[in-house]
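Pasted below: entry-v4.cif, mmCIF, C-alpha atoms.
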data_final
loop_
_atom_site.label_atom_id
_atom_site.label_comp_id
_atom_site.auth_asym_id
_atom_site.auth_seq_id
_atom_site.Cartn_x
_atom_site.Cartn_y
_atom_site.Cartn_z
CA MET A 754 152.34 197.46 403.34
CA SER A 755 149.65 196.19 405.64
CA LEU A 756 148.07 192.81 404.98
CA SER A 757 145.05 193.68 407.14
CA ASN A 758 143.11 194.76 404.04
CA PRO A 759 143.30 191.91 401.49
CA GLU A 760 141.69 194.07 398.79
CA ALA A 761 144.61 196.50 399.03
CA VAL A 762 147.17 193.82 398.27
CA TYR A 763 147.75 193.38 394.57
CA LEU A 764 148.66 190.01 393.12
CA ASN A 765 152.08 191.26 392.00
CA ASP A 766 152.83 192.35 395.55
CA VAL A 767 151.81 188.95 396.87
CA ARG A 768 153.92 187.30 394.19
CA GLN A 769 156.95 189.28 395.34
CA MET A 770 156.35 188.65 399.04
CA ALA A 771 155.40 184.98 398.79
CA PRO A 772 155.81 183.45 395.32
CA GLU A 773 154.79 180.02 396.64
CA SER A 774 151.61 181.33 398.21
CA PRO A 775 148.52 179.18 397.59
CA VAL A 776 146.75 182.32 396.36
CA VAL A 777 149.46 182.96 393.77
CA ARG A 778 149.52 179.31 392.70
CA ALA A 779 145.72 179.21 392.40
CA HIS A 780 145.72 182.40 390.32
CA GLU A 781 148.48 181.11 388.04
CA GLU A 782 146.68 177.78 387.59
CA LYS A 783 143.47 179.60 386.70
CA GLN A 784 145.34 181.87 384.29
CA ALA A 785 146.99 178.85 382.64
CA ARG A 786 143.55 177.24 382.24
CA ILE A 787 142.13 180.44 380.76
CA ASN A 788 145.04 180.64 378.31
CA ALA A 789 144.56 176.99 377.29
CA LEU A 790 140.83 177.57 376.73
CA GLN A 791 141.54 180.68 374.65
CA GLU A 792 143.94 178.68 372.47
CA GLU A 793 141.33 175.94 372.11
CA ILE A 794 138.72 178.51 371.05
CA ILE A 795 141.09 179.89 368.42
CA ASP A 796 141.77 176.37 367.13
CA LEU A 797 138.03 175.64 366.96
CA ARG A 798 137.41 178.87 365.04
CA VAL A 799 140.03 177.82 362.48
CA VAL A 800 138.40 174.39 362.14
CA MET A 801 134.96 175.98 361.77
CA ARG A 802 136.21 178.39 359.08
CA TYR A 803 137.74 175.49 357.18
CA GLY A 804 134.51 173.50 357.54
CA TYR A 805 132.39 176.40 356.31
CA LYS A 806 134.73 176.86 353.37
CA ARG A 807 134.50 173.16 352.46
CA VAL A 808 130.70 173.15 352.76
CA SER A 809 130.55 176.25 350.58
CA GLU A 810 132.80 174.62 347.97
CA ILE A 811 130.72 171.43 348.01
CA ALA A 812 127.49 173.42 347.69
CA LYS A 813 128.89 175.35 344.73
CA GLY A 814 129.93 172.07 343.10
CA MET A 815 126.45 170.63 343.56
CA GLY A 816 124.89 173.65 341.88
CA ASP A 817 126.81 173.10 338.66
#
Would you mind writing the file out in structure tokens?
Amino acid sequence: MSLSNPEAVYLNDVRQMAPESPVVRAHEEKQARINALQEEIIDLRVVMRYGYKRVSEIAKGMGD
């Protein structure tokens, strides 16, 4: 495999050739950050659903 064309080198290949490469580390750090943000979004959606449910329950109670 030639490294003269960086576009032709896939991340998995780089990982195998040089697992401590700054490129691999940067990608893994970015992926970890993306995963953390996705988990945070899921948590926020749960909180929002609970909040909407509570507001709906309160509104129903006020209408009685």
Atom-to-atom span, atom CA of A:Ala785 and atom CA of A:Ala771, Å: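 A separation of 19.2 Å between them.
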d(atom CA of A:Gln791, atom CA of A:Gly804) in Å: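 Distance reported for this atom pair: 19.8 Å.
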Two-atom distance - atom CA of A:Val767, atom CA of A:Gln784 (Å):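 Between these atoms lies a distance of 15.8 Å.
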Completion step: stretch 756-790 of chain A with N, CA and C atoms as a short mmCIF file (atom, residue, chain, number, x, y, z; two decimals), in the frame of the given file:
data_model
loop_
_atom_site.label_atom_id
_atom_site.label_comp_id
_atom_site.auth_asym_id
_atom_site.auth_seq_id
_atom_site.Cartn_x
_atom_site.Cartn_y
_atom_site.Cartn_z
N LEU A 756 148.85 193.91 405.54
CA LEU A 756 148.07 192.81 404.98
C LEU A 756 146.69 192.72 405.63
N SER A 757 146.34 193.72 406.46
CA SER A 757 145.05 193.68 407.14
C SER A 757 143.89 193.90 406.18
N ASN A 758 144.14 194.52 405.05
CA ASN A 758 143.11 194.76 404.04
C ASN A 758 143.47 193.97 402.78
N PRO A 759 142.92 192.75 402.63
CA PRO A 759 143.30 191.91 401.49
C PRO A 759 143.03 192.56 400.14
N GLU A 760 141.99 193.42 400.06
CA GLU A 760 141.69 194.07 398.79
C GLU A 760 142.80 195.03 398.37
N ALA A 761 143.56 195.53 399.33
CA ALA A 761 144.61 196.50 399.03
C ALA A 761 145.89 195.83 398.54
N VAL A 762 145.97 194.53 398.68
CA VAL A 762 147.17 193.82 398.27
C VAL A 762 146.98 193.34 396.84
N TYR A 763 147.83 193.79 395.96
CA TYR A 763 147.75 193.38 394.57
C TYR A 763 148.48 192.07 394.38
N LEU A 764 148.08 191.32 393.38
CA LEU A 764 148.66 190.01 393.12
C LEU A 764 150.17 190.10 392.91
N ASN A 765 150.63 191.12 392.21
CA ASN A 765 152.08 191.26 392.00
C ASN A 765 152.82 191.44 393.32
N ASP A 766 152.21 192.18 394.24
CA ASP A 766 152.83 192.35 395.55
C ASP A 766 152.90 191.02 396.28
N VAL A 767 151.83 190.27 396.22
CA VAL A 767 151.81 188.95 396.87
C VAL A 767 152.85 188.05 396.23
N ARG A 768 152.94 188.11 394.92
CA ARG A 768 153.92 187.30 394.19
C ARG A 768 155.34 187.61 394.67
N GLN A 769 155.62 188.88 394.88
CA GLN A 769 156.95 189.28 395.34
C GLN A 769 157.20 188.85 396.78
N MET A 770 156.19 188.98 397.62
CA MET A 770 156.35 188.65 399.04
C MET A 770 156.37 187.15 399.27
N ALA A 771 155.54 186.43 398.55
CA ALA A 771 155.40 184.98 398.79
C ALA A 771 155.06 184.28 397.48
N PRO A 772 156.08 184.05 396.63
CA PRO A 772 155.81 183.45 395.32
C PRO A 772 155.19 182.05 395.39
N GLU A 773 155.36 181.36 396.50
CA GLU A 773 154.79 180.02 396.64
C GLU A 773 153.46 180.03 397.37
N SER A 774 152.89 181.19 397.53
CA SER A 774 151.61 181.33 398.21
C SER A 774 150.52 180.54 397.49
N PRO A 775 149.63 179.89 398.23
CA PRO A 775 148.52 179.18 397.59
C PRO A 775 147.65 180.11 396.73
N VAL A 776 147.53 181.36 397.13
CA VAL A 776 146.75 182.32 396.36
C VAL A 776 147.40 182.56 395.00
N VAL A 777 148.72 182.73 395.01
CA VAL A 777 149.46 182.96 393.77
C VAL A 777 149.37 181.73 392.89
N ARG A 778 149.59 180.55 393.48
CA ARG A 778 149.52 179.31 392.70
C ARG A 778 148.13 179.12 392.10
N ALA A 779 147.10 179.37 392.89
CA ALA A 779 145.72 179.21 392.40
C ALA A 779 145.47 180.17 391.24
N HIS A 780 145.91 181.42 391.39
CA HIS A 780 145.72 182.40 390.32
C HIS A 780 146.46 181.96 389.06
N GLU A 781 147.70 181.52 389.21
CA GLU A 781 148.48 181.11 388.04
C GLU A 781 147.89 179.88 387.37
N GLU A 782 147.34 178.95 388.17
CA GLU A 782 146.68 177.78 387.59
C GLU A 782 145.43 178.20 386.82
N LYS A 783 144.66 179.11 387.40
CA LYS A 783 143.47 179.60 386.70
C LYS A 783 143.85 180.33 385.42
N GLN A 784 144.91 181.13 385.48
CA GLN A 784 145.34 181.87 384.29
C GLN A 784 145.82 180.91 383.21
N ALA A 785 146.53 179.86 383.61
CA ALA A 785 146.99 178.85 382.64
C ALA A 785 145.79 178.17 381.99
N ARG A 786 144.76 177.87 382.78
CA ARG A 786 143.55 177.24 382.24
C ARG A 786 142.83 178.18 381.28
N ILE A 787 142.75 179.45 381.64
CA ILE A 787 142.13 180.44 380.76
C ILE A 787 142.89 180.52 379.44
N ASN A 788 144.22 180.57 379.52
CA ASN A 788 145.04 180.64 378.31
C ASN A 788 144.83 179.41 377.43
N ALA A 789 144.77 178.23 378.05
CA ALA A 789 144.56 176.99 377.29
C ALA A 789 143.19 177.01 376.61
N LEU A 790 142.17 177.49 377.31
CA LEU A 790 140.83 177.57 376.73
C LEU A 790 140.79 178.58 375.58
#
